[in-house]
Amino acid sequence: MREVEVVVVGAGQAGLAAAYHLRRFFEPETGFVVLDHAPHAGGAWQFRWPTLTFATVNGVYQLPGMSLPTPDESTPVSGVIADYFAAYEREFDLRVQRPVSVRSVRSLPDKRLEVATDRGTWVARALVNATGTWERPFWPRYAGQDRFGGRQLHTAQYRGPEEFAGERVLVVGGGISAIQHLMEIHPYAASTTWATRRPPQWREDMFNPDRGREAVALVEERVRKGLRPQSVISVTGVPQTPEIRAAREAGVLERLPMFEKITPDGAVWEDGRSEPLDVILWATGFRAALDHLAPLKLRGPGGGIVMDGTRVAADPRIHLAGYGPSASTIGANRAGRAAVREIRQLLNQVSV
């Protein structure tokens with residue numbers, strides 16, 4: 001059992017931002033420790049598909065204190081960001097421990113936190129949880145899904161469009177990933193079909209900071225009430241880049257409502273329409289990876305966790321960075337800084 005002031009769980013954007021600010025006040029491994037489940041540096045970026053390049057990625061933001069070299073737009077994001085994160089960890093001597101799987105976080109009688117992992121136990125006075133969502137892909141359930149004779153995969157398993165050559169593909173989901181998948185797969189597939197729960201909200205105007213702040217405020221309002229956070233894109237709408245506009249004009253992004261059921265060889269809609277399918281690609285998003293926090297009983301009746309900024313309202317020892325309104329690259333940076341500021345105030349109060 002090892003003791004520190006603060007444990008950071010996760011070394012993606014939010015976790016590294018928090019570690020950067022902690023490093024100004026504490027020594028790594030004695031004052032704080034960063035535990036990361038991934039095999040290498042890079043957070044969720046290291047698992048992204050090779051065709052996600054800097055020309056198509058929705059947004060990459062610099063970590064605090066060290067700029068990201070500007071790559072060619074055709075460069076895959078995964079390798080560049082992984083190298084950037086690794087260099088960042090070395091530059092600021094963050095000493096991230098990996099691969100470490102956090103199994104549970106419990107409260108001890110002395111009000112400290114016991115962080116149990118597959119490589120030993122840590123005891124801390126505060127915790128920054130920055131586990132993101134990548135490891136919890138969301139698979140919705142529909143009638144007949146288990147009897148489908150084709151292939152089903154999630155965005156988390158997508159590796160590029162070539163594997164869909166000559167196949168009839170249904171893409172499910174209304175976010176940026178679904179749109180990118182459709183645009184990539186369409187030239188290779190025999191056919192593509194797109195189904196979403198709600199019609200996409202195409203945004204005609206340019207995205208600006210004011211629009212961003214409004215979107216974040218709406219997401220933050222939900223988590224303050226203890227509701228499950230929604231994605232920022234569900235609030236902002238879909239930006240119409242020249243590529244997306246061209247795809248819409250070409251009929252690639254013609255959306256259908258959700259189907260009624262899945263059959264062994266396709267899908268059937270409520271109006272009687274049916275589509276024969278070889279593949280269903282679920283671009284249905286992710287959920288926050290918070291199972292290890294279950295012993296703390298943080299979730300409320302609304303299914304979410306009541307938040308005050310990055311701090312769990314019911315437990316000031318716990319901060320969630322990259323959750324809800326901070327689940328973006330810009331938001332994650334701000335969350336890391338805010339969490340450390342409040343944790344230092346908490347530790348100073350306890351010490352008095």
# chains A, B, ... in the order shown; residues from 1 in each chain; ligands from 1
call {"tool": "residues_around", "arguments": {"residues": "Pro64 in chain A", "least_positions_apart": "3", "cutoff": "8 Å", "atoms": "only C-alpha atoms", "output": "list in words"}}
result
Ala17, Tyr20, Ser67 and Asn333 of chain A
call {"tool": "select_by_dssp", "arguments": {"residues": "range 4-99 of chain A", "states": "alpha helix (DSSP H)", "output": "PDB file with N, CA, C and O atoms, in the first residue's frame"}}
result
ATOM      1  N   GLN A  13      -6.129  13.590 -22.316  1.00  0.00           N
ATOM      2  CA  GLN A  13      -5.992  15.048 -22.257  1.00  0.00           C
ATOM      3  C   GLN A  13      -6.260  15.606 -20.858  1.00  0.00           C
ATOM      4  O   GLN A  13      -5.477  16.371 -20.311  1.00  0.00           O
ATOM      5  N   ALA A  14      -7.364  15.194 -20.250  1.00  0.00           N
ATOM      6  CA  ALA A  14      -7.727  15.731 -18.938  1.00  0.00           C
ATOM      7  C   ALA A  14      -6.754  15.269 -17.860  1.00  0.00           C
ATOM      8  O   ALA A  14      -6.367  16.048 -16.986  1.00  0.00           O
ATOM      9  N   GLY A  15      -6.367  13.995 -17.894  1.00  0.00           N
ATOM     10  CA  GLY A  15      -5.455  13.482 -16.886  1.00  0.00           C
ATOM     11  C   GLY A  15      -4.094  14.140 -16.938  1.00  0.00           C
ATOM     12  O   GLY A  15      -3.512  14.481 -15.895  1.00  0.00           O
ATOM     13  N   LEU A  16      -3.563  14.334 -18.145  1.00  0.00           N
ATOM     14  CA  LEU A  16      -2.255  14.977 -18.273  1.00  0.00           C
ATOM     15  C   LEU A  16      -2.330  16.457 -17.898  1.00  0.00           C
ATOM     16  O   LEU A  16      -1.378  17.004 -17.322  1.00  0.00           O
ATOM     17  N   ALA A  17      -3.430  17.110 -18.238  1.00  0.00           N
ATOM     18  CA  ALA A  17      -3.586  18.517 -17.845  1.00  0.00           C
ATOM     19  C   ALA A  17      -3.595  18.637 -16.324  1.00  0.00           C
ATOM     20  O   ALA A  17      -2.961  19.530 -15.749  1.00  0.00           O
ATOM     21  N   ALA A  18      -4.308  17.720 -15.651  1.00  0.00           N
ATOM     22  CA  ALA A  18      -4.324  17.741 -14.185  1.00  0.00           C
ATOM     23  C   ALA A  18      -2.932  17.459 -13.631  1.00  0.00           C
ATOM     24  O   ALA A  18      -2.474  18.120 -12.693  1.00  0.00           O
ATOM     25  N   ALA A  19      -2.234  16.482 -14.214  1.00  0.00           N
ATOM     26  CA  ALA A  19      -0.894  16.134 -13.742  1.00  0.00           C
ATOM     27  C   ALA A  19       0.081  17.295 -13.910  1.00  0.00           C
ATOM     28  O   ALA A  19       0.946  17.526 -13.059  1.00  0.00           O
ATOM     29  N   TYR A  20      -0.059  18.031 -14.995  1.00  0.00           N
ATOM     30  CA  TYR A  20       0.796  19.193 -15.241  1.00  0.00           C
ATOM     31  C   TYR A  20       0.665  20.206 -14.099  1.00  0.00           C
ATOM     32  O   TYR A  20       1.666  20.729 -13.589  1.00  0.00           O
ATOM     33  N   HIS A  21      -0.561  20.477 -13.692  1.00  0.00           N
ATOM     34  CA  HIS A  21      -0.781  21.457 -12.623  1.00  0.00           C
ATOM     35  C   HIS A  21      -0.397  20.879 -11.261  1.00  0.00           C
ATOM     36  O   HIS A  21       0.119  21.602 -10.403  1.00  0.00           O
ATOM     37  N   LEU A  22      -0.619  19.594 -11.046  1.00  0.00           N
ATOM     38  CA  LEU A  22      -0.194  18.972  -9.796  1.00  0.00           C
ATOM     39  C   LEU A  22       1.332  19.002  -9.665  1.00  0.00           C
ATOM     40  O   LEU A  22       1.864  19.179  -8.565  1.00  0.00           O
ATOM     41  N   VAL A  77      -3.971  10.930 -37.118  1.00  0.00           N
ATOM     42  CA  VAL A  77      -3.924  11.583 -35.811  1.00  0.00           C
ATOM     43  C   VAL A  77      -3.298  10.688 -34.747  1.00  0.00           C
ATOM     44  O   VAL A  77      -2.546  11.153 -33.884  1.00  0.00           O
ATOM     45  N   SER A  78      -3.601   9.396 -34.786  1.00  0.00           N
ATOM     46  CA  SER A  78      -3.263   8.501 -33.674  1.00  0.00           C
ATOM     47  C   SER A  78      -1.779   8.518 -33.343  1.00  0.00           C
ATOM     48  O   SER A  78      -1.394   8.669 -32.175  1.00  0.00           O
ATOM     49  N   GLY A  79      -0.915   8.368 -34.349  1.00  0.00           N
ATOM     50  CA  GLY A  79       0.512   8.305 -34.084  1.00  0.00           C
ATOM     51  C   GLY A  79       1.086   9.621 -33.606  1.00  0.00           C
ATOM     52  O   GLY A  79       1.912   9.654 -32.683  1.00  0.00           O
ATOM     53  N   VAL A  80       0.651  10.726 -34.208  1.00  0.00           N
ATOM     54  CA  VAL A  80       1.183  12.041 -33.845  1.00  0.00           C
ATOM     55  C   VAL A  80       0.815  12.393 -32.400  1.00  0.00           C
ATOM     56  O   VAL A  80       1.659  12.853 -31.619  1.00  0.00           O
ATOM     57  N   ILE A  81      -0.455  12.164 -32.024  1.00  0.00           N
ATOM     58  CA  ILE A  81      -0.883  12.516 -30.675  1.00  0.00           C
ATOM     59  C   ILE A  81      -0.227  11.594 -29.647  1.00  0.00           C
ATOM     60  O   ILE A  81       0.150  12.038 -28.549  1.00  0.00           O
ATOM     61  N   ALA A  82      -0.082  10.318 -29.991  1.00  0.00           N
ATOM     62  CA  ALA A  82       0.593   9.405 -29.064  1.00  0.00           C
ATOM     63  C   ALA A  82       2.028   9.863 -28.804  1.00  0.00           C
ATOM     64  O   ALA A  82       2.495   9.868 -27.660  1.00  0.00           O
ATOM     65  N   ASP A  83       2.729  10.263 -29.857  1.00  0.00           N
ATOM     66  CA  ASP A  83       4.101  10.755 -29.692  1.00  0.00           C
ATOM     67  C   ASP A  83       4.127  12.054 -28.886  1.00  0.00           C
ATOM     68  O   ASP A  83       5.011  12.264 -28.050  1.00  0.00           O
ATOM     69  N   TYR A  84       3.165  12.924 -29.138  1.00  0.00           N
ATOM     70  CA  TYR A  84       3.067  14.199 -28.425  1.00  0.00           C
ATOM     71  C   TYR A  84       2.819  13.978 -26.936  1.00  0.00           C
ATOM     72  O   TYR A  84       3.481  14.571 -26.075  1.00  0.00           O
ATOM     73  N   PHE A  85       1.891  13.092 -26.613  1.00  0.00           N
ATOM     74  CA  PHE A  85       1.606  12.802 -25.210  1.00  0.00           C
ATOM     75  C   PHE A  85       2.817  12.179 -24.527  1.00  0.00           C
ATOM     76  O   PHE A  85       3.122  12.487 -23.370  1.00  0.00           O
ATOM     77  N   ALA A  86       3.502  11.271 -25.225  1.00  0.00           N
ATOM     78  CA  ALA A  86       4.680  10.631 -24.640  1.00  0.00           C
ATOM     79  C   ALA A  86       5.773  11.660 -24.365  1.00  0.00           C
ATOM     80  O   ALA A  86       6.410  11.637 -23.299  1.00  0.00           O
ATOM     81  N   ALA A  87       5.995  12.569 -25.317  1.00  0.00           N
ATOM     82  CA  ALA A  87       6.996  13.621 -25.121  1.00  0.00           C
ATOM     83  C   ALA A  87       6.591  14.540 -23.975  1.00  0.00           C
ATOM     84  O   ALA A  87       7.445  15.001 -23.206  1.00  0.00           O
ATOM     85  N   TYR A  88       5.303  14.797 -23.850  1.00  0.00           N
ATOM     86  CA  TYR A  88       4.797  15.648 -22.779  1.00  0.00           C
ATOM     87  C   TYR A  88       5.068  15.020 -21.411  1.00  0.00           C
ATOM     88  O   TYR A  88       5.513  15.695 -20.475  1.00  0.00           O
ATOM     89  N   GLU A  89       4.806  13.737 -21.302  1.00  0.00           N
ATOM     90  CA  GLU A  89       5.043  13.040 -20.037  1.00  0.00           C
ATOM     91  C   GLU A  89       6.526  13.104 -19.662  1.00  0.00           C
ATOM     92  O   GLU A  89       6.865  13.270 -18.477  1.00  0.00           O
ATOM     93  N   ARG A  90       7.405  12.970 -20.661  1.00  0.00           N
ATOM     94  CA  ARG A  90       8.843  13.049 -20.383  1.00  0.00           C
ATOM     95  C   ARG A  90       9.260  14.469 -20.014  1.00  0.00           C
ATOM     96  O   ARG A  90      10.034  14.676 -19.073  1.00  0.00           O
ATOM     97  N   GLU A  91       8.762  15.442 -20.754  1.00  0.00           N
ATOM     98  CA  GLU A  91       9.160  16.837 -20.549  1.00  0.00           C
ATOM     99  C   GLU A  91       8.866  17.301 -19.125  1.00  0.00           C
ATOM    100  O   GLU A  91       9.682  18.009 -18.507  1.00  0.00           O
TER     101      GLU A  91
END
call {"tool": "closest_residue", "arguments": {"among": "A:Gly285, A:Arg103, A:Glu204, A:Tyr158", "to": "Gly173 in chain A", "atoms": "only C-alpha atoms"}}
result
A:Gly285
call {"tool": "residues_around", "arguments": {"residues": "Glu243 in chain A", "least_positions_apart": "6", "cutoff": "12 Å", "atoms": "only C-alpha atoms", "output": "short mmCIF file (atom, residue, chain, number, x, y, z; two decimals) with N, CA and C atoms, in the first residue's frame"}}
result
data_model
loop_
_atom_site.label_atom_id
_atom_site.label_comp_id
_atom_site.auth_asym_id
_atom_site.auth_seq_id
_atom_site.Cartn_x
_atom_site.Cartn_y
_atom_site.Cartn_z
N ALA A 55 -6.94 16.39 -41.25
CA ALA A 55 -7.88 17.07 -42.13
C ALA A 55 -9.32 16.75 -41.75
N THR A 56 -9.54 15.60 -41.08
CA THR A 56 -10.91 15.16 -40.79
C THR A 56 -11.25 15.16 -39.31
N ILE A 179 -20.98 10.32 -39.49
CA ILE A 179 -20.88 11.04 -40.76
C ILE A 179 -19.54 10.76 -41.45
N GLN A 180 -18.46 10.77 -40.67
CA GLN A 180 -17.15 10.46 -41.24
C GLN A 180 -17.10 9.03 -41.76
N LEU A 182 -19.59 7.21 -42.92
CA LEU A 182 -20.37 7.15 -44.16
C LEU A 182 -19.59 7.72 -45.34
N MET A 183 -18.97 8.85 -45.14
CA MET A 183 -18.23 9.50 -46.21
C MET A 183 -17.03 8.66 -46.66
N GLU A 184 -16.41 7.96 -45.72
CA GLU A 184 -15.28 7.10 -46.07
C GLU A 184 -15.71 5.80 -46.72
N GLU A 249 -24.99 16.73 -50.95
CA GLU A 249 -25.46 16.96 -52.33
C GLU A 249 -25.38 15.69 -53.16
N ALA A 250 -24.42 14.82 -52.84
CA ALA A 250 -24.27 13.56 -53.59
C ALA A 250 -25.19 12.46 -53.09
N VAL A 252 -25.04 10.97 -50.16
CA VAL A 252 -24.37 10.05 -49.23
C VAL A 252 -24.96 10.16 -47.83
N LEU A 253 -25.42 11.36 -47.46
CA LEU A 253 -25.90 11.61 -46.11
C LEU A 253 -27.42 11.76 -46.06
#
call {"tool": "residues_around", "arguments": {"residues": "Leu113 in chain A", "least_positions_apart": "3", "cutoff": "10 Å", "atoms": "only C-alpha atoms", "output": "compact mmCIF listing (two decimals) with N, CA, C and O atoms, in the first residue's frame"}}
result
# COMPACT_ATOMS: atom_id res chain seq x y z
N GLU A 3 1.12 5.62 -0.29
CA GLU A 3 0.35 6.79 0.07
C GLU A 3 0.81 8.02 -0.72
O GLU A 3 2.01 8.25 -0.87
N GLU A 5 -0.84 12.24 -1.93
CA GLU A 5 -1.90 13.23 -1.69
C GLU A 5 -3.04 13.06 -2.69
O GLU A 5 -4.22 13.14 -2.34
N VAL A 6 -2.68 12.85 -3.97
CA VAL A 6 -3.68 12.82 -5.05
C VAL A 6 -3.38 11.68 -6.01
O VAL A 6 -2.21 11.48 -6.40
N VAL A 7 -4.41 10.96 -6.39
CA VAL A 7 -4.32 9.96 -7.46
C VAL A 7 -5.07 10.51 -8.67
O VAL A 7 -6.20 10.98 -8.54
N VAL A 105 -12.56 2.24 -6.06
CA VAL A 105 -12.19 3.35 -5.19
C VAL A 105 -13.16 3.35 -4.03
O VAL A 105 -14.38 3.41 -4.23
N ARG A 106 -12.63 3.26 -2.81
CA ARG A 106 -13.47 3.19 -1.62
C ARG A 106 -13.04 4.24 -0.61
O ARG A 106 -11.89 4.66 -0.59
N SER A 107 -13.96 4.62 0.24
CA SER A 107 -13.67 5.56 1.30
C SER A 107 -13.23 4.81 2.55
O SER A 107 -13.85 3.82 2.95
N LEU A 108 -12.13 5.25 3.15
CA LEU A 108 -11.61 4.65 4.37
C LEU A 108 -12.16 5.37 5.60
O LEU A 108 -12.62 6.51 5.50
N PRO A 109 -12.10 4.73 6.77
CA PRO A 109 -12.60 5.38 7.99
C PRO A 109 -11.94 6.72 8.30
O PRO A 109 -12.56 7.60 8.91
N ASP A 110 -10.68 6.89 7.88
CA ASP A 110 -10.00 8.16 8.16
C ASP A 110 -10.25 9.21 7.09
O ASP A 110 -9.57 10.23 7.03
N ALA A 116 -7.78 0.69 -5.34
CA ALA A 116 -7.30 -0.67 -5.56
C ALA A 116 -7.08 -0.91 -7.05
O ALA A 116 -7.97 -0.63 -7.87
N TRP A 122 -3.27 2.12 -3.67
CA TRP A 122 -2.83 3.47 -3.32
C TRP A 122 -3.83 4.06 -2.35
O TRP A 122 -5.03 3.79 -2.44
N VAL A 123 -3.35 4.88 -1.44
CA VAL A 123 -4.23 5.62 -0.53
C VAL A 123 -3.97 7.10 -0.76
O VAL A 123 -2.80 7.54 -0.81
N ALA A 124 -5.04 7.87 -0.94
CA ALA A 124 -4.91 9.29 -1.26
C ALA A 124 -5.97 10.11 -0.54
O ALA A 124 -6.98 9.57 -0.08
N ARG A 125 -5.74 11.39 -0.49
CA ARG A 125 -6.71 12.31 0.12
C ARG A 125 -7.68 12.88 -0.90
O ARG A 125 -8.72 13.44 -0.55
N ALA A 126 -7.33 12.79 -2.18
CA ALA A 126 -8.21 13.29 -3.25
C ALA A 126 -7.93 12.50 -4.52
O ALA A 126 -6.86 11.89 -4.67
N LEU A 127 -8.89 12.55 -5.44
CA LEU A 127 -8.76 11.78 -6.69
C LEU A 127 -9.30 12.60 -7.86
O LEU A 127 -10.38 13.19 -7.76
N LEU A 296 -18.38 4.21 -4.09
CA LEU A 296 -18.61 5.52 -3.47
C LEU A 296 -20.07 5.96 -3.57
O LEU A 296 -20.46 6.95 -2.94
N ARG A 317 -13.79 15.27 -2.36
CA ARG A 317 -12.51 14.60 -2.62
C ARG A 317 -12.39 14.14 -4.07
O ARG A 317 -11.29 13.88 -4.56
N ILE A 318 -13.53 14.01 -4.75
CA ILE A 318 -13.57 13.41 -6.08
C ILE A 318 -13.84 14.48 -7.13
O ILE A 318 -14.83 15.22 -7.04
call {"tool": "residues_around", "arguments": {"residues": "Ser104 in chain A", "least_positions_apart": "4", "cutoff": "9 Å", "atoms": "only C-alpha atoms", "output": "PyMOL selection string"}}
result
chain A and resi 114-117+291-295
call {"tool": "write_last_selection", "arguments": {"atoms": "C-alpha atoms", "output": "PDB file, in the first residue's frame"}}
result
ATOM      1  CA  GLU A 114      -8.370   3.519  -1.146  1.00  0.00           C
ATOM      2  CA  VAL A 115      -7.591   3.048  -4.844  1.00  0.00           C
ATOM      3  CA  ALA A 116      -7.297  -0.675  -5.558  1.00  0.00           C
ATOM      4  CA  THR A 117      -5.569  -1.676  -8.810  1.00  0.00           C
ATOM      5  CA  ASP A 291     -17.587   1.642 -12.822  1.00  0.00           C
ATOM      6  CA  HIS A 292     -14.575   1.678 -10.497  1.00  0.00           C
ATOM      7  CA  LEU A 293     -16.207   4.545  -8.558  1.00  0.00           C
ATOM      8  CA  ALA A 294     -19.340   2.490  -7.829  1.00  0.00           C
ATOM      9  CA  PRO A 295     -18.384   1.761  -4.166  1.00  0.00           C
TER      10      PRO A 295
END
call {"tool": "residues_around", "arguments": {"residues": "Ala143 in chain A", "least_positions_apart": "6", "cutoff": "9 Å", "atoms": "only C-alpha atoms", "output": "PyMOL selection string"}}
result
chain A and resi 260-263
call {"tool": "atom_distance", "arguments": {"atom1": "CA of Ala335 in chain A", "atom2": "CA of Arg48 in chain A"}}
result
23.1 Å
call {"tool": "closest_residue", "arguments": {"among": "A:Pro161, A:Gly149, A:Gly132, A:Pro140", "to": "Gly10 in chain A", "atoms": "only C-alpha atoms"}}
result
A:Gly132
call {"tool": "select_by_dssp", "arguments": {"residues": "range 162-208 of chain A", "states": "strand (DSSP E)", "output": "PyMOL selection string"}}
result
chain A and resi 168-172+191-195+202-203
call {"tool": "write_last_selection", "arguments": {"atoms": "all heavy atoms", "output": "tab-separated table (two decimals), in the first residue's frame"}}
result
chain	number	residue	atom	x	y	z
A	168	ARG	N	-23.01	-4.29	-48.10
A	168	ARG	CA	-24.15	-3.40	-47.85
A	168	ARG	C	-24.10	-3.02	-46.37
A	168	ARG	O	-24.27	-3.87	-45.50
A	168	ARG	CB	-25.45	-4.12	-48.19
A	168	ARG	CG	-25.54	-4.52	-49.67
A	168	ARG	CD	-26.58	-5.59	-49.91
A	168	ARG	NE	-26.27	-6.83	-49.21
A	168	ARG	CZ	-26.99	-7.95	-49.30
A	168	ARG	NH1	-28.07	-7.98	-50.07
A	168	ARG	NH2	-26.64	-9.04	-48.63
A	169	VAL	N	-23.88	-1.72	-46.12
A	169	VAL	CA	-23.54	-1.26	-44.78
A	169	VAL	C	-24.60	-0.31	-44.25
A	169	VAL	O	-25.00	0.64	-44.93
A	169	VAL	CB	-22.17	-0.55	-44.79
A	169	VAL	CG1	-21.79	-0.12	-43.37
A	169	VAL	CG2	-21.08	-1.45	-45.38
A	170	LEU	N	-25.04	-0.56	-43.02
A	170	LEU	CA	-25.91	0.36	-42.30
A	170	LEU	C	-25.09	1.02	-41.21
A	170	LEU	O	-24.48	0.34	-40.38
A	170	LEU	CB	-27.09	-0.39	-41.67
A	170	LEU	CG	-27.95	0.40	-40.67
A	170	LEU	CD1	-28.66	1.56	-41.35
A	170	LEU	CD2	-28.96	-0.52	-39.98
A	171	VAL	N	-25.04	2.37	-41.21
A	171	VAL	CA	-24.37	3.12	-40.15
A	171	VAL	C	-25.44	3.72	-39.26
A	171	VAL	O	-26.36	4.41	-39.74
A	171	VAL	CB	-23.47	4.23	-40.74
A	171	VAL	CG1	-22.84	5.04	-39.60
A	171	VAL	CG2	-22.38	3.62	-41.62
A	172	VAL	N	-25.35	3.47	-37.96
A	172	VAL	CA	-26.34	3.93	-36.99
A	172	VAL	C	-25.70	4.99	-36.09
A	172	VAL	O	-24.66	4.74	-35.48
A	172	VAL	CB	-26.87	2.77	-36.13
A	172	VAL	CG1	-27.95	3.27	-35.17
A	172	VAL	CG2	-27.40	1.65	-37.01
A	191	SER	N	-23.47	-0.56	-50.96
A	191	SER	CA	-24.48	0.44	-50.62
A	191	SER	C	-24.27	0.87	-49.17
A	191	SER	O	-23.70	0.13	-48.36
A	191	SER	CB	-25.90	-0.12	-50.78
A	191	SER	OG	-26.13	-1.15	-49.83
A	192	THR	N	-24.70	2.09	-48.86
A	192	THR	CA	-24.67	2.57	-47.48
A	192	THR	C	-26.05	3.13	-47.12
A	192	THR	O	-26.70	3.77	-47.95
A	192	THR	CB	-23.62	3.68	-47.26
A	192	THR	OG1	-23.85	4.75	-48.17
A	192	THR	CG2	-22.22	3.12	-47.43
A	193	THR	N	-26.46	2.89	-45.89
A	193	THR	CA	-27.71	3.40	-45.35
A	193	THR	C	-27.39	4.04	-44.01
A	193	THR	O	-26.55	3.55	-43.26
A	193	THR	CB	-28.73	2.26	-45.16
A	193	THR	OG1	-28.90	1.56	-46.40
A	193	THR	CG2	-30.08	2.81	-44.70
A	194	TRP	N	-28.09	5.15	-43.73
A	194	TRP	CA	-27.83	5.89	-42.50
A	194	TRP	C	-29.11	6.01	-41.71
A	194	TRP	O	-30.13	6.46	-42.23
A	194	TRP	CB	-27.29	7.27	-42.85
A	194	TRP	CG	-26.86	8.09	-41.67
A	194	TRP	CD1	-26.45	7.65	-40.44
A	194	TRP	CD2	-26.80	9.52	-41.62
A	194	TRP	NE1	-26.12	8.71	-39.63
A	194	TRP	CE2	-26.32	9.87	-40.33
A	194	TRP	CE3	-27.07	10.55	-42.53
A	194	TRP	CZ2	-26.13	11.19	-39.93
A	194	TRP	CZ3	-26.89	11.86	-42.15
A	194	TRP	CH2	-26.42	12.17	-40.86
A	195	ALA	N	-29.07	5.60	-40.43
A	195	ALA	CA	-30.24	5.69	-39.56
A	195	ALA	C	-29.87	6.43	-38.28
A	195	ALA	O	-28.82	6.17	-37.68
A	195	ALA	CB	-30.77	4.31	-39.21
A	202	TRP	N	-28.17	20.32	-39.02
A	202	TRP	CA	-27.08	20.89	-39.81
A	202	TRP	C	-26.89	22.36	-39.43
A	202	TRP	O	-27.86	23.12	-39.39
A	202	TRP	CB	-27.38	20.77	-41.30
A	202	TRP	CG	-27.64	19.36	-41.75
A	202	TRP	CD1	-28.81	18.83	-42.16
A	202	TRP	CD2	-26.67	18.31	-41.84
A	202	TRP	NE1	-28.67	17.52	-42.50
A	202	TRP	CE2	-27.36	17.16	-42.31
A	202	TRP	CE3	-25.31	18.21	-41.55
A	202	TRP	CZ2	-26.72	15.94	-42.51
A	202	TRP	CZ3	-24.68	16.99	-41.75
A	202	TRP	CH2	-25.37	15.88	-42.22
A	203	ARG	N	-25.68	22.73	-39.15
A	203	ARG	CA	-25.39	24.10	-38.73
A	203	ARG	C	-24.85	24.89	-39.92
A	203	ARG	O	-23.83	24.53	-40.50
A	203	ARG	CB	-24.36	24.10	-37.60
A	203	ARG	CG	-24.28	25.41	-36.85
A	203	ARG	CD	-23.27	25.33	-35.72
A	203	ARG	NE	-21.91	25.31	-36.22
A	203	ARG	CZ	-20.96	24.48	-35.78
A	203	ARG	NH1	-21.23	23.60	-34.88
A	203	ARG	NH2	-19.74	24.54	-36.28
call {"tool": "atom_distance", "arguments": {"atom1": "CA of Ala313 in chain A", "atom2": "CA of Gly300 in chain A"}}
result
11.0 Å
call {"tool": "decode", "arguments": {"residues": "range 274-285 of chain A", "atoms": "N, CA, C and O atoms", "output": "compact mmCIF listing (two decimals), in the first residue's frame"}}
result
# COMPACT_ATOMS: atom_id res chain seq x y z
N SER A 274 -37.56 -2.14 -46.12
CA SER A 274 -36.55 -3.07 -45.64
C SER A 274 -35.28 -2.88 -46.45
O SER A 274 -35.32 -2.49 -47.61
N GLU A 275 -34.15 -3.15 -45.80
CA GLU A 275 -32.85 -3.05 -46.46
C GLU A 275 -32.05 -4.31 -46.18
O GLU A 275 -31.85 -4.67 -45.01
N PRO A 276 -31.60 -5.00 -47.23
CA PRO A 276 -30.70 -6.13 -47.00
C PRO A 276 -29.32 -5.61 -46.59
O PRO A 276 -28.84 -4.62 -47.15
N LEU A 277 -28.70 -6.26 -45.61
CA LEU A 277 -27.45 -5.74 -45.05
C LEU A 277 -26.43 -6.85 -44.83
O LEU A 277 -26.79 -7.99 -44.54
N ASP A 278 -25.18 -6.46 -44.97
CA ASP A 278 -24.08 -7.34 -44.61
C ASP A 278 -23.42 -6.90 -43.31
O ASP A 278 -22.84 -7.73 -42.58
N VAL A 279 -23.47 -5.59 -43.03
CA VAL A 279 -22.77 -5.03 -41.88
C VAL A 279 -23.65 -3.96 -41.22
O VAL A 279 -24.29 -3.17 -41.91
N ILE A 280 -23.64 -3.94 -39.88
CA ILE A 280 -24.22 -2.83 -39.12
C ILE A 280 -23.08 -2.22 -38.32
O ILE A 280 -22.45 -2.89 -37.50
N LEU A 281 -22.83 -0.94 -38.57
CA LEU A 281 -21.78 -0.21 -37.86
C LEU A 281 -22.46 0.74 -36.87
O LEU A 281 -23.12 1.69 -37.26
N TRP A 282 -22.27 0.46 -35.58
CA TRP A 282 -22.92 1.24 -34.53
C TRP A 282 -22.02 2.41 -34.15
O TRP A 282 -21.07 2.25 -33.38
N ALA A 283 -22.32 3.58 -34.68
CA ALA A 283 -21.60 4.81 -34.31
C ALA A 283 -22.43 5.53 -33.28
O ALA A 283 -22.85 6.68 -33.46
N THR A 284 -22.69 4.85 -32.18
CA THR A 284 -23.67 5.27 -31.19
C THR A 284 -23.04 5.84 -29.93
O THR A 284 -23.71 5.95 -28.89
N GLY A 285 -21.79 6.20 -30.00
CA GLY A 285 -21.17 6.91 -28.91
C GLY A 285 -20.68 6.03 -27.78
O GLY A 285 -20.62 4.80 -27.88
